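S.K.: entry_5.tsv is the file, holding TSV, C-alpha atoms and all ligand atoms:
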chain	number	residue	atom	x	y	z
P	1	MET	CA	43.78	-34.27	83.23
P	2	ASN	CA	45.66	-31.39	81.70
P	3	THR	CA	45.14	-28.06	83.30
P	4	HIS	CA	46.33	-25.92	80.44
P	5	ALA	CA	44.85	-25.53	77.01
P	6	HIS	CA	47.87	-24.38	75.18
P	7	THR	CA	49.71	-26.98	73.27
P	8	SER	CA	51.86	-26.68	70.22
P	9	THR	CA	50.33	-29.81	68.77
P	10	SER	CA	46.84	-28.67	67.87
P	11	SER	CA	45.60	-29.69	64.47
P	12	ASP	CA	44.57	-26.13	63.72
P	13	ALA	CA	48.18	-25.38	64.55
P	14	ASP	CA	49.07	-28.08	62.11
P	15	ALA	CA	46.95	-26.38	59.53
P	16	ALA	CA	48.81	-23.22	60.38
P	17	SER	CA	52.12	-24.97	60.28
P	18	PRO	CA	53.43	-25.10	56.75
P	19	ALA	CA	55.43	-28.16	57.71
P	20	ARG	CA	52.29	-30.16	58.38
P	21	GLY	CA	50.02	-28.66	55.76
P	22	ARG	CA	49.88	-30.33	52.36
P	23	ARG	CA	51.24	-27.17	50.83
P	24	SER	CA	54.18	-26.90	53.19
P	25	VAL	CA	57.00	-24.49	52.63
P	26	LEU	CA	58.68	-23.96	55.96
P	27	GLY	CA	60.00	-26.05	58.76
P	28	GLY	CA	57.07	-26.27	61.18
P	29	ALA	CA	56.20	-24.39	64.33
P	30	ALA	CA	59.36	-25.29	66.17
P	31	ALA	CA	61.48	-24.06	63.29
P	32	LEU	CA	59.51	-20.91	62.60
P	33	GLY	CA	62.13	-18.60	63.99
P	34	LEU	CA	64.69	-20.10	61.63
P	35	GLY	CA	62.62	-20.41	58.49
P	36	ILE	CA	60.71	-17.20	58.24
P	37	ALA	CA	63.59	-14.83	57.67
P	38	ALA	CA	63.54	-15.70	53.99
P	39	PHE	CA	60.12	-14.13	53.54
P	40	GLY	CA	59.58	-10.42	53.30
P	41	ALA	CA	57.06	-7.70	54.07
P	42	THR	CA	54.22	-7.58	56.56
P	43	ALA	CA	51.11	-9.54	57.37
P	44	HIS	CA	47.80	-8.92	55.66
P	45	ALA	CA	45.71	-6.18	57.19
P	46	ALA	CA	43.48	-7.44	59.96
P	47	GLY	CA	39.79	-6.82	60.41
P	48	SER	CA	39.38	-3.56	62.24
P	49	PRO	CA	37.55	-3.51	65.57
P	50	SER	CA	36.36	-0.02	64.64
P	51	ARG	CA	33.97	-1.69	62.18
P	52	SER	CA	32.11	-3.08	65.19
P	53	ARG	CA	31.75	0.36	66.69
P	54	ASP	CA	29.71	1.37	63.67
P	55	ARG	CA	27.03	-0.97	64.93
P	56	ALA	CA	27.11	-0.01	68.59
P	57	GLY	CA	23.93	-1.04	70.33
P	58	ARG	CA	23.05	-4.14	68.27
P	59	PHE	CA	23.31	-6.19	71.47
P	60	GLN	CA	22.41	-3.41	73.88
P	61	GLY	CA	21.41	-4.87	77.25
P	62	LYS	CA	21.69	-8.47	76.03
P	63	SER	CA	23.26	-11.08	78.26
P	64	VAL	CA	26.03	-12.96	76.48
P	65	LEU	CA	27.89	-16.01	77.83
P	66	ILE	CA	31.23	-17.11	76.39
P	67	THR	CA	33.30	-20.18	77.24
P	68	GLY	CA	37.02	-19.76	76.65
P	69	GLY	CA	37.11	-15.97	76.79
P	70	THR	CA	40.57	-15.58	78.29
P	71	SER	CA	42.36	-15.75	74.95
P	72	GLY	CA	42.12	-15.67	71.19
P	73	ILE	CA	38.74	-15.90	69.46
P	74	GLY	CA	36.72	-15.96	72.69
P	75	ARG	CA	38.48	-12.91	74.07
P	76	ALA	CA	38.04	-10.95	70.83
P	77	THR	CA	34.37	-11.97	70.77
P	78	ALA	CA	33.82	-10.85	74.36
P	79	LYS	CA	35.23	-7.44	73.47
P	80	ALA	CA	33.16	-7.20	70.29
P	81	PHE	CA	29.89	-8.05	72.08
P	82	ALA	CA	30.68	-5.56	74.86
P	83	LEU	CA	31.44	-2.86	72.29
P	84	GLU	CA	27.96	-3.40	70.91
P	85	GLY	CA	26.30	-2.98	74.25
P	86	ALA	CA	26.11	-6.56	75.59
P	87	ARG	CA	26.83	-7.61	79.16
P	88	VAL	CA	29.30	-10.44	78.83
P	89	GLY	CA	30.04	-13.27	81.25
P	90	PHE	CA	32.98	-15.40	80.21
P	91	CYS	CA	35.09	-18.23	81.61
P	92	GLY	CA	38.45	-19.89	81.24
P	93	ARG	CA	40.91	-21.42	83.67
P	94	ARG	CA	43.61	-18.75	83.65
P	95	ALA	CA	42.32	-16.22	86.16
P	96	GLU	CA	45.01	-13.62	85.52
P	97	LEU	CA	44.19	-13.46	81.81
P	98	GLY	CA	40.49	-13.50	82.60
P	99	ARG	CA	40.74	-10.55	84.97
P	100	GLN	CA	42.89	-8.68	82.47
P	101	ALA	CA	40.30	-9.18	79.70
P	102	GLU	CA	37.52	-8.10	82.06
P	103	ARG	CA	39.48	-4.96	82.96
P	104	GLU	CA	40.13	-4.09	79.31
P	105	ILE	CA	36.45	-4.33	78.48
P	106	ARG	CA	35.41	-2.25	81.48
P	107	ASP	CA	38.11	0.36	80.79
P	108	ALA	CA	36.64	0.71	77.30
P	109	GLY	CA	33.23	1.38	78.83
P	110	GLY	CA	31.80	-2.11	78.39
P	111	GLU	CA	30.35	-4.56	80.88
P	112	ALA	CA	31.96	-7.95	81.46
P	113	THR	CA	32.51	-10.46	84.23
P	114	TYR	CA	35.17	-13.13	84.26
P	115	ILE	CA	34.34	-16.31	86.17
P	116	GLU	CA	37.00	-18.97	86.57
P	117	ALA	CA	35.66	-22.30	85.32
P	118	ASP	CA	36.98	-25.44	83.68
P	119	ILE	CA	34.65	-26.57	80.93
P	120	ARG	CA	35.49	-30.22	81.65
P	121	VAL	CA	34.07	-30.07	85.16
P	122	GLU	CA	30.27	-30.31	85.32
P	123	ASP	CA	29.79	-28.42	88.58
P	124	GLN	CA	32.01	-25.58	87.42
P	125	VAL	CA	30.07	-25.26	84.17
P	126	ARG	CA	26.74	-25.27	86.00
P	127	VAL	CA	27.88	-22.64	88.49
P	128	PHE	CA	29.40	-20.48	85.73
P	129	VAL	CA	26.25	-20.56	83.59
P	130	ASP	CA	23.93	-19.92	86.53
P	131	ARG	CA	26.06	-17.04	87.81
P	132	VAL	CA	26.07	-15.33	84.42
P	133	ALA	CA	22.30	-15.79	84.14
P	134	SER	CA	21.62	-14.43	87.60
P	135	ARG	CA	24.03	-11.50	87.24
P	136	TYR	CA	22.75	-10.40	83.84
P	137	GLY	CA	19.13	-11.58	83.99
P	138	GLY	CA	19.17	-14.70	81.81
P	139	ILE	CA	21.17	-15.72	78.77
P	140	ASP	CA	20.30	-14.25	75.40
P	141	VAL	CA	23.37	-15.50	73.55
P	142	ALA	CA	25.82	-18.28	74.34
P	143	PHE	CA	29.11	-18.73	72.50
P	144	ASN	CA	30.45	-22.19	73.37
P	145	ASN	CA	33.98	-21.73	72.22
P	146	ALA	CA	36.54	-23.21	74.65
P	147	GLY	CA	38.76	-25.72	72.96
P	148	ILE	CA	42.18	-27.32	72.79
P	149	GLY	CA	44.23	-29.04	70.11
P	150	GLY	CA	45.79	-32.45	70.22
P	151	GLY	CA	47.76	-33.20	67.12
P	152	LYS	CA	49.09	-36.71	67.31
P	153	LEU	CA	48.82	-39.88	65.28
P	154	PRO	CA	46.33	-42.26	66.88
P	155	HIS	CA	48.92	-44.86	67.82
P	156	GLU	CA	51.07	-42.21	69.47
P	157	MET	CA	48.25	-40.63	71.45
P	158	SER	CA	47.52	-41.79	74.96
P	159	VAL	CA	43.97	-42.57	76.01
P	160	GLU	CA	44.24	-39.70	78.51
P	161	GLU	CA	45.18	-37.26	75.74
P	162	TRP	CA	42.30	-38.46	73.57
P	163	ASP	CA	39.89	-38.16	76.49
P	164	ASP	CA	41.07	-34.65	77.32
P	165	VAL	CA	40.43	-33.40	73.78
P	166	GLN	CA	36.92	-34.91	73.79
P	167	ALA	CA	36.20	-33.74	77.35
P	168	THR	CA	37.11	-30.18	76.43
P	169	ASN	CA	35.91	-29.79	72.86
P	170	ALA	CA	32.88	-32.06	72.71
P	171	ARG	CA	31.74	-32.85	76.26
P	172	GLY	CA	32.45	-29.25	77.26
P	173	VAL	CA	30.06	-27.99	74.60
P	174	PHE	CA	27.47	-30.55	75.72
P	175	LEU	CA	27.79	-29.40	79.35
P	176	ALA	CA	27.49	-25.76	78.37
P	177	ILE	CA	24.35	-26.44	76.31
P	178	LYS	CA	22.91	-28.61	79.08
P	179	TYR	CA	23.04	-25.74	81.57
P	180	GLU	CA	22.32	-22.87	79.17
P	181	ILE	CA	19.14	-24.32	77.72
P	182	PRO	CA	16.98	-24.16	80.89
P	183	HIS	CA	17.62	-20.40	81.06
P	184	MET	CA	16.69	-19.99	77.41
P	185	LEU	CA	13.60	-22.17	77.78
P	186	LYS	CA	12.39	-19.86	80.53
P	187	ALA	CA	12.63	-16.94	78.13
P	188	GLN	CA	11.41	-19.00	75.13
P	189	ARG	CA	14.25	-17.57	73.08
P	190	GLY	CA	18.01	-17.64	72.75
P	191	VAL	CA	20.88	-18.10	70.34
P	192	ILE	CA	23.75	-20.55	70.72
P	193	VAL	CA	26.87	-20.51	68.57
P	194	CYS	CA	29.40	-23.32	69.04
P	195	THR	CA	32.97	-23.25	67.79
P	196	SER	CA	33.74	-26.21	65.60
P	197	SER	CA	36.60	-25.92	63.08
P	198	SER	CA	37.48	-26.25	59.43
P	199	ALA	CA	39.29	-29.35	60.73
P	200	ALA	CA	35.84	-30.92	61.13
P	201	GLU	CA	35.54	-30.87	57.36
P	202	GLN	CA	39.13	-31.48	56.46
P	203	ALA	CA	41.20	-33.91	58.48
P	204	ARG	CA	44.96	-34.18	58.78
P	205	PRO	CA	46.87	-37.38	59.45
P	206	ASN	CA	47.42	-36.25	63.03
P	207	SER	CA	44.04	-34.66	63.67
P	208	ALA	CA	42.00	-37.72	64.64
P	209	ALA	CA	41.13	-36.57	68.15
P	210	TYR	CA	40.59	-32.93	67.19
P	211	THR	CA	38.62	-33.63	64.01
P	212	ALA	CA	36.45	-36.18	65.82
P	213	SER	CA	35.75	-33.66	68.60
P	214	LYS	CA	34.85	-30.87	66.19
P	215	ARG	CA	32.62	-33.21	64.17
P	216	ALA	CA	30.92	-34.06	67.44
P	217	VAL	CA	30.20	-30.37	67.92
P	218	GLN	CA	28.48	-30.29	64.54
P	219	GLY	CA	26.36	-33.31	65.51
P	220	LEU	CA	25.44	-31.79	68.85
P	221	VAL	CA	24.45	-28.56	67.15
P	222	LYS	CA	22.19	-30.27	64.61
P	223	SER	CA	20.40	-32.28	67.27
P	224	ALA	CA	20.03	-29.33	69.64
P	225	ALA	CA	18.71	-27.17	66.80
P	226	LEU	CA	15.91	-29.70	66.26
P	227	ALA	CA	15.21	-30.12	69.95
P	228	TYR	CA	14.98	-26.42	70.78
P	229	GLY	CA	13.94	-24.77	67.51
P	230	PRO	CA	10.26	-25.12	68.44
P	231	LYS	CA	11.07	-23.21	71.64
P	232	GLY	CA	12.54	-20.24	69.80
P	233	ILE	CA	16.19	-21.17	70.33
P	234	ARG	CA	18.62	-21.20	67.40
P	235	VAL	CA	21.81	-23.30	67.52
P	236	ASN	CA	24.57	-23.09	64.93
P	237	ALA	CA	28.18	-24.20	64.53
P	238	LEU	CA	30.94	-21.89	63.38
P	239	LEU	CA	33.88	-23.44	61.53
P	240	PRO	CA	36.81	-21.02	61.59
P	241	GLY	CA	39.80	-21.58	59.40
P	242	THR	CA	43.27	-21.08	60.78
P	243	THR	CA	43.15	-17.97	62.93
P	244	ASP	CA	45.96	-15.93	64.43
P	245	THR	CA	45.65	-16.74	68.13
P	246	PRO	CA	47.95	-18.36	70.70
P	247	PHE	CA	46.44	-21.62	69.47
P	248	VAL	CA	48.62	-21.43	66.36
P	249	ARG	CA	51.22	-18.79	67.10
P	250	PRO	CA	54.38	-20.25	68.63
P	251	PRO	CA	55.09	-18.66	72.00
P	252	GLY	CA	57.91	-16.15	72.05
P	253	ILE	CA	58.11	-15.49	68.32
P	254	PRO	CA	58.77	-11.80	67.63
P	255	ASP	CA	55.89	-9.87	66.02
P	256	ALA	CA	57.85	-9.00	62.89
P	257	ASP	CA	58.86	-12.62	62.30
P	258	TRP	CA	55.32	-13.83	62.86
P	259	ALA	CA	54.02	-11.24	60.41
P	260	LYS	CA	56.47	-12.43	57.75
P	261	TYR	CA	55.57	-16.01	58.41
P	262	LYS	CA	51.88	-15.30	58.03
P	263	GLN	CA	52.42	-13.49	54.80
P	264	ALA	CA	54.25	-16.46	53.35
P	265	TRP	CA	51.79	-18.94	54.81
P	266	GLY	CA	48.60	-17.39	53.42
P	267	PRO	CA	48.90	-17.98	49.67
P	268	LEU	CA	50.28	-21.45	50.26
P	269	ASN	CA	47.52	-22.62	52.58
P	270	VAL	CA	44.33	-20.67	51.99
P	271	ASP	CA	42.87	-20.69	48.52
P	272	GLY	CA	40.54	-17.79	48.19
P	273	LEU	CA	41.55	-15.00	50.55
P	274	GLU	CA	45.12	-16.33	50.83
P	275	ARG	CA	45.68	-15.31	54.42
P	276	MET	CA	45.16	-16.36	57.99
P	277	ALA	CA	42.08	-15.03	59.79
P	278	GLU	CA	42.34	-12.52	62.60
P	279	ALA	CA	40.46	-13.30	65.80
P	280	GLU	CA	38.42	-10.10	65.37
P	281	GLU	CA	37.14	-11.36	62.02
P	282	ILE	CA	35.87	-14.59	63.56
P	283	ALA	CA	34.34	-12.53	66.36
P	284	ARG	CA	32.40	-10.51	63.81
P	285	ALA	CA	31.03	-13.70	62.30
P	286	VAL	CA	29.90	-14.84	65.75
P	287	LEU	CA	28.09	-11.56	66.32
P	288	GLY	CA	26.46	-11.83	62.93
P	289	LEU	CA	25.19	-15.36	63.61
P	290	ALA	CA	23.95	-14.30	67.03
P	291	SER	CA	22.20	-11.22	65.67
P	292	ASP	CA	18.69	-10.77	64.33
P	293	ASP	CA	20.16	-10.83	60.82
P	294	PHE	CA	19.87	-14.64	60.72
P	295	PRO	CA	16.47	-15.42	62.24
P	296	TYR	CA	15.89	-18.43	59.98
P	297	MET	CA	19.30	-20.08	60.42
P	298	THR	CA	19.60	-23.03	62.77
P	299	GLY	CA	21.38	-26.38	62.75
P	300	ALA	CA	23.90	-25.00	60.29
P	301	SER	CA	27.67	-25.35	60.06
P	302	ILE	CA	29.07	-22.07	58.84
P	303	SER	CA	32.59	-22.01	57.41
P	304	VAL	CA	34.50	-18.80	57.98
P	305	ASP	CA	37.79	-19.89	56.52
P	306	GLY	CA	38.68	-17.52	53.71
P	307	GLY	CA	37.77	-20.20	51.16
P	308	GLY	CA	40.37	-22.59	52.53
P	309	THR	CA	38.32	-25.76	52.66
P	310	ALA	CA	36.52	-25.04	49.41
P	311	GLY	CA	39.79	-24.63	47.57
P	312	ARG	CA	41.62	-27.52	49.07
P	313	LYS	CA	38.81	-29.88	48.35
P	314	MET	CA	39.09	-29.11	44.68
P	315	ILE	CA	42.85	-29.23	44.36
P	316	GLN	CA	43.56	-32.03	46.80
P	317	PRO	CA	44.37	-34.83	44.31
P	318	SER	CA	47.14	-32.95	42.53
P	319	ARG	CA	48.79	-31.68	45.71
P	320	THR	CA	48.75	-34.69	47.98
P	401	LIG	N1	42.97	-20.58	66.06
P	401	LIG	C1	42.58	-21.42	65.09
P	401	LIG	O1	43.26	-21.59	64.05
P	401	LIG	C2	41.26	-22.15	65.21
P	401	LIG	C3	40.67	-22.64	64.03
P	401	LIG	C4	39.46	-23.32	64.12
P	401	LIG	C5	38.85	-23.49	65.35
P	401	LIG	N2	39.45	-23.00	66.47
P	401	LIG	C6	38.74	-23.20	67.74
P	401	LIG	O2	38.46	-21.93	68.28
P	401	LIG	C7	38.31	-22.05	69.69
P	401	LIG	C8	39.13	-20.96	70.35
P	401	LIG	O3	40.49	-21.18	70.02
P	401	LIG	P1	41.54	-19.99	69.91
P	401	LIG	O4	42.16	-20.07	68.58
P	401	LIG	O5	40.96	-18.74	70.38
P	401	LIG	O6	42.65	-20.55	70.93
P	401	LIG	P2	43.20	-19.98	72.31
P	401	LIG	O7	43.70	-18.60	72.13
P	401	LIG	O8	44.13	-21.04	72.80
P	401	LIG	O9	41.91	-19.93	73.25
P	401	LIG	C9	41.32	-21.10	73.75
P	401	LIG	C10	40.35	-20.70	74.84
P	401	LIG	O10	39.71	-21.88	75.34
P	401	LIG	C11	39.84	-21.89	76.73
P	401	LIG	N3	39.85	-23.25	77.28
P	401	LIG	C12	40.58	-24.31	76.86
P	401	LIG	N4	40.36	-25.37	77.66
P	401	LIG	C13	39.47	-24.96	78.60
P	401	LIG	C14	38.86	-25.59	79.71
P	401	LIG	N5	39.12	-26.87	80.04
P	401	LIG	N6	38.00	-24.88	80.46
P	401	LIG	C15	37.73	-23.59	80.16
P	401	LIG	N7	38.29	-22.93	79.12
P	401	LIG	C16	39.15	-23.62	78.36
P	401	LIG	C17	41.14	-21.17	77.02
P	401	LIG	O11	41.12	-20.65	78.34
P	401	LIG	P3	42.08	-21.16	79.53
P	401	LIG	O12	43.33	-21.71	78.92
P	401	LIG	O13	42.28	-19.92	80.35
P	401	LIG	O14	41.28	-22.20	80.25
P	401	LIG	C18	41.07	-20.04	76.01
P	401	LIG	O15	40.30	-18.98	76.51
P	401	LIG	C19	38.72	-23.46	70.04
P	401	LIG	O16	37.57	-24.25	70.20
P	401	LIG	C20	39.50	-23.94	68.82
P	401	LIG	O17	39.42	-25.33	68.66
P	401	LIG	C21	40.63	-22.33	66.43
Will you turn the file into structure tokens for me?

M.R.:
Amino acid sequence: MNTHAHTSTSSDADAASPARGRRSVLGGAAALGLGIAAFGATAHAAGSPSRSRDRAGRFQGKSVLITGGTSGIGRATAKAFALEGARVGFCGRRAELGRQAEREIRDAGGEATYIEADIRVEDQVRVFVDRVASRYGGIDVAFNNAGIGGGKLPHEMSVEEWDDVQATNARGVFLAIKYEIPHMLKAQRGVIVCTSSSAAEQARPNSAAYTASKRAVQGLVKSAALAYGPKGIRVNALLPGTTDTPFVRPPGIPDADWAKYKQAWGPLNVDGLERMAEAEEIARAVLGLASDDFPYMTGASISVDGGGTAGRKMIQPSRT
């Protein structure tokens, strides 16, 4: 079993990699440092965390649980919830990053607790969920977000690699729901948001394991929405498009080069908004789905992908 989530072969990374995307222009993640110099200017402006501050208090006193909060989307979402008054319990395997994120939130005046847990291990998930519930008095919102990539052609992928992607992305979401639900049933309310992916809707040749796992999340969400809707619990899936996190950004690439790369990548890969998402923008979507603004939404798969999947679906035949 792998102990580290970060792999350069994720299929979202493939979506981010112009070399793998249908509309490729550059030489792939490994060649980023070489290829990007040809492209000028800076990356598109990111969503501003200050926008969240405008709504301070929307989650005041709420207990929020996040899986995979040590990095990327989960980390940005933990910060965003804390900024709006929530008490956030989050997990991940990398304790140093977890403690750093916890410190940042507390230094900014928020409340958060990092608990080391591997989403693939049932006992660790149970203990994590129960500790968050007992520390913060239940679970109002759960964001089941931990995930890994796994971009390989089926015949090149080992059974262990396949199993690890499913154990993390699909079984991990099942385990989280399994242990979150009893706390929500006690309160007769709760909101669960699960991270799927635009890759659930749009496969790549090397995304079999990842796409299957993210489709599984959608199936789990639909079934859980039916099972627990009558108990006042909403369950939805979020499908982010390619998002600027360590999931897609090659390690060690200088900021300026990455910014140039992103600027070139956007128009070639995302019809619609023509840019990569920022983690803070996905975080804002999570908060929206978890808020009282969507009381009638459950069992849904919500794309937050800048129009990427909508556009590609229409133009696919002429660009394949
Ligand atoms: N970035 C994208 O383009 C994109 C697009 C669509 C969907 N997504 C999905 O968004 C989610 C978050 O990804 P990200 O982009 O934020 O990537 P990231 O920066 O690599 O973060 C992944 C998070 O998942 C955690 N994680 C992975 N395996 C785990 C395990 N076994 N146990 C506990 N935590 C685990 C990681 O923590 P540790 O490593 O510390 O355990 C980390 O906090 C994933 O489900 C991914 O599939 C990403």

S.K.: Kindly assemble as JSON lines a list of the chain P residues that lie within 7 Å of ligand LIG 401 (chain P), each paired with its nearest atom pair and their distance in Å to one decimal, using only C-alpha atoms and all ligand atoms, sorted first by chain and then by ascending residue number.

M.R.:
{"residue": "P:Thr3", "atom": "CA", "partner": "P:LIG401", "partner_atom": "N5", "distance": 6.9}
{"residue": "P:His4", "atom": "CA", "partner": "P:LIG401", "partner_atom": "O12", "distance": 5.4}
{"residue": "P:Ala5", "atom": "CA", "partner": "P:LIG401", "partner_atom": "C12", "distance": 4.4}
{"residue": "P:His6", "atom": "CA", "partner": "P:LIG401", "partner_atom": "O8", "distance": 5.6}
{"residue": "P:Asp12", "atom": "CA", "partner": "P:LIG401", "partner_atom": "O1", "distance": 4.7}
{"residue": "P:Ala13", "atom": "CA", "partner": "P:LIG401", "partner_atom": "O1", "distance": 6.2}
{"residue": "P:Ala16", "atom": "CA", "partner": "P:LIG401", "partner_atom": "O1", "distance": 6.9}
{"residue": "P:Thr67", "atom": "CA", "partner": "P:LIG401", "partner_atom": "N7", "distance": 6.0}
{"residue": "P:Gly68", "atom": "CA", "partner": "P:LIG401", "partner_atom": "O15", "distance": 3.4}
{"residue": "P:Gly69", "atom": "CA", "partner": "P:LIG401", "partner_atom": "O15", "distance": 4.4}
{"residue": "P:Thr70", "atom": "CA", "partner": "P:LIG401", "partner_atom": "O15", "distance": 3.8}
{"residue": "P:Ser71", "atom": "CA", "partner": "P:LIG401", "partner_atom": "O15", "distance": 4.1}
{"residue": "P:Gly72", "atom": "CA", "partner": "P:LIG401", "partner_atom": "O5", "distance": 3.4}
{"residue": "P:Ile73", "atom": "CA", "partner": "P:LIG401", "partner_atom": "O5", "distance": 3.7}
{"residue": "P:Gly74", "atom": "CA", "partner": "P:LIG401", "partner_atom": "O5", "distance": 5.6}
{"residue": "P:Arg75", "atom": "CA", "partner": "P:LIG401", "partner_atom": "O15", "distance": 6.8}
{"residue": "P:Cys91", "atom": "CA", "partner": "P:LIG401", "partner_atom": "C15", "distance": 6.1}
{"residue": "P:Gly92", "atom": "CA", "partner": "P:LIG401", "partner_atom": "N7", "distance": 3.7}
{"residue": "P:Arg93", "atom": "CA", "partner": "P:LIG401", "partner_atom": "O14", "distance": 3.5}
{"residue": "P:Arg94", "atom": "CA", "partner": "P:LIG401", "partner_atom": "O13", "distance": 3.7}
{"residue": "P:Ala95", "atom": "CA", "partner": "P:LIG401", "partner_atom": "O13", "distance": 6.9}
{"residue": "P:Leu97", "atom": "CA", "partner": "P:LIG401", "partner_atom": "O13", "distance": 6.9}
{"residue": "P:Ala117", "atom": "CA", "partner": "P:LIG401", "partner_atom": "C15", "distance": 5.7}
{"residue": "P:Asp118", "atom": "CA", "partner": "P:LIG401", "partner_atom": "N6", "distance": 3.4}
{"residue": "P:Ile119", "atom": "CA", "partner": "P:LIG401", "partner_atom": "N6", "distance": 3.8}
{"residue": "P:Arg120", "atom": "CA", "partner": "P:LIG401", "partner_atom": "N5", "distance": 5.2}
{"residue": "P:Asn145", "atom": "CA", "partner": "P:LIG401", "partner_atom": "O16", "distance": 4.8}
{"residue": "P:Ala146", "atom": "CA", "partner": "P:LIG401", "partner_atom": "O10", "distance": 3.5}
{"residue": "P:Gly147", "atom": "CA", "partner": "P:LIG401", "partner_atom": "O16", "distance": 3.3}
{"residue": "P:Ile148", "atom": "CA", "partner": "P:LIG401", "partner_atom": "C12", "distance": 5.3}
{"residue": "P:Gly149", "atom": "CA", "partner": "P:LIG401", "partner_atom": "O17", "distance": 6.2}
{"residue": "P:Thr168", "atom": "CA", "partner": "P:LIG401", "partner_atom": "N5", "distance": 5.3}
{"residue": "P:Asn169", "atom": "CA", "partner": "P:LIG401", "partner_atom": "O16", "distance": 6.4}
{"residue": "P:Thr195", "atom": "CA", "partner": "P:LIG401", "partner_atom": "O16", "distance": 5.3}
{"residue": "P:Ser196", "atom": "CA", "partner": "P:LIG401", "partner_atom": "C5", "distance": 5.8}
{"residue": "P:Ser197", "atom": "CA", "partner": "P:LIG401", "partner_atom": "C4", "distance": 4.0}
{"residue": "P:Ser198", "atom": "CA", "partner": "P:LIG401", "partner_atom": "C4", "distance": 5.9}
{"residue": "P:Ala199", "atom": "CA", "partner": "P:LIG401", "partner_atom": "C4", "distance": 6.9}
{"residue": "P:Leu239", "atom": "CA", "partner": "P:LIG401", "partner_atom": "C4", "distance": 6.2}
{"residue": "P:Pro240", "atom": "CA", "partner": "P:LIG401", "partner_atom": "C4", "distance": 4.3}
{"residue": "P:Gly241", "atom": "CA", "partner": "P:LIG401", "partner_atom": "C3", "distance": 4.8}
{"residue": "P:Thr242", "atom": "CA", "partner": "P:LIG401", "partner_atom": "O1", "distance": 3.3}
{"residue": "P:Thr243", "atom": "CA", "partner": "P:LIG401", "partner_atom": "O1", "distance": 3.8}
{"residue": "P:Asp244", "atom": "CA", "partner": "P:LIG401", "partner_atom": "N1", "distance": 5.8}
{"residue": "P:Thr245", "atom": "CA", "partner": "P:LIG401", "partner_atom": "O7", "distance": 4.8}
{"residue": "P:Pro246", "atom": "CA", "partner": "P:LIG401", "partner_atom": "O7", "distance": 4.5}
{"residue": "P:Phe247", "atom": "CA", "partner": "P:LIG401", "partner_atom": "O8", "distance": 4.1}
{"residue": "P:Val248", "atom": "CA", "partner": "P:LIG401", "partner_atom": "N1", "distance": 5.7}

S.K.: Quick one: distance from atom CA of Glu102 of chain P to atom CA of Val132 of chain P in Å, one decimal?

M.R.: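 For atom CA of Glu102 of chain P relative to atom CA of Val132 of chain P, the distance reads 13.7 Å.
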
S.K.: P:Ala170, P:Asp293, P:Val221, P:Gly311: which is nearest Leu268 of chain P, counting only C-alpha atoms?

M.R.: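 Under the stated criterion, the closest residue is P:Gly311.
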
S.K.: Taking all atoms listed in the file into account, which of P:Arg131, P:Lys152, P:Arg189, P:His183 comes nearest Pro230 of chain P?

M.R.: P:Arg189

S.K.: Have a look at atom CA of Ala76 of chain P and atom CA of Glu161 of chain P and let me know their distance in Å, one decimal.

M.R.: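 Computing it gives 27.7 Å between the two atoms.
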
S.K.: To one decimal in Å, tell me the separation between atom CA of Asp140 of chain P and atom CA of Gly172 of chain P.

M.R.: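 Going from atom CA of Asp140 of chain P over to atom CA of Gly172 of chain P covers 19.4 Å.
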
S.K.: Got a sec to check which residues sit within 12 Å of (26.5, -32.9, 67.3), counting all atoms listed in the file, and write them as number ranges by chain?

M.R.: P: 169-171, 173-174, 177, 194-196, 200, 212-227, 235-237, 299-301

S.K.: Excluding same-chain residues fewer than 3 positions from Leu289 of chain P, what lies within 9 Å of it counting all atoms listed in the file, as a count of residues only?

M.R.: 13

S.K.: Which is closer to Gly288 of chain P than all the others in P:Val121, P:Gly89, P:Tyr261, P:Val304, using all atoms listed in the file?

M.R.: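 Comparing P:Val121, P:Gly89, P:Tyr261, P:Val304 against Gly288 of chain P, the winner is P:Val304.
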
S.K.: Out of P:Gly98, P:Gly109, P:Gly272, P:Gly190, which residue has the shortest atom-to-atom distance to Gly138 of chain P when counting all atoms listed in the file?

M.R.: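 Closest to Gly138 of chain P, using all atoms listed in the file: P:Gly190.
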
S.K.: What are the centre and the three edge lengths of an axis-aligned box that wraps all atoms of segment 172-179 of chain P in the file, given that 4 Å is added to every side, written as lines of an AutoDock Vina configuration file and rounded to one decimal in Å?

M.R.:
center_x = 27.7
center_y = -28.1
center_z = 78.1
size_x = 17.5
size_y = 12.8
size_z = 15.0

S.K.: Could you check which of P:Arg87, P:Ala78, P:Ala209, P:Gln202 is closest to Glu104 of chain P, using only C-alpha atoms?

M.R.: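 Once distances to Glu104 of chain P are computed over only C-alpha atoms, the minimum belongs to P:Ala78.
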
S.K.: Choose the residue, out of P:Asp130, P:Glu274, P:Glu280, P:Glu116, that has the smallest atom-to-atom separation from Gly306 of chain P; count all atoms listed in the file.

M.R.: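 Closest to Gly306 of chain P of all the choices is P:Glu274.
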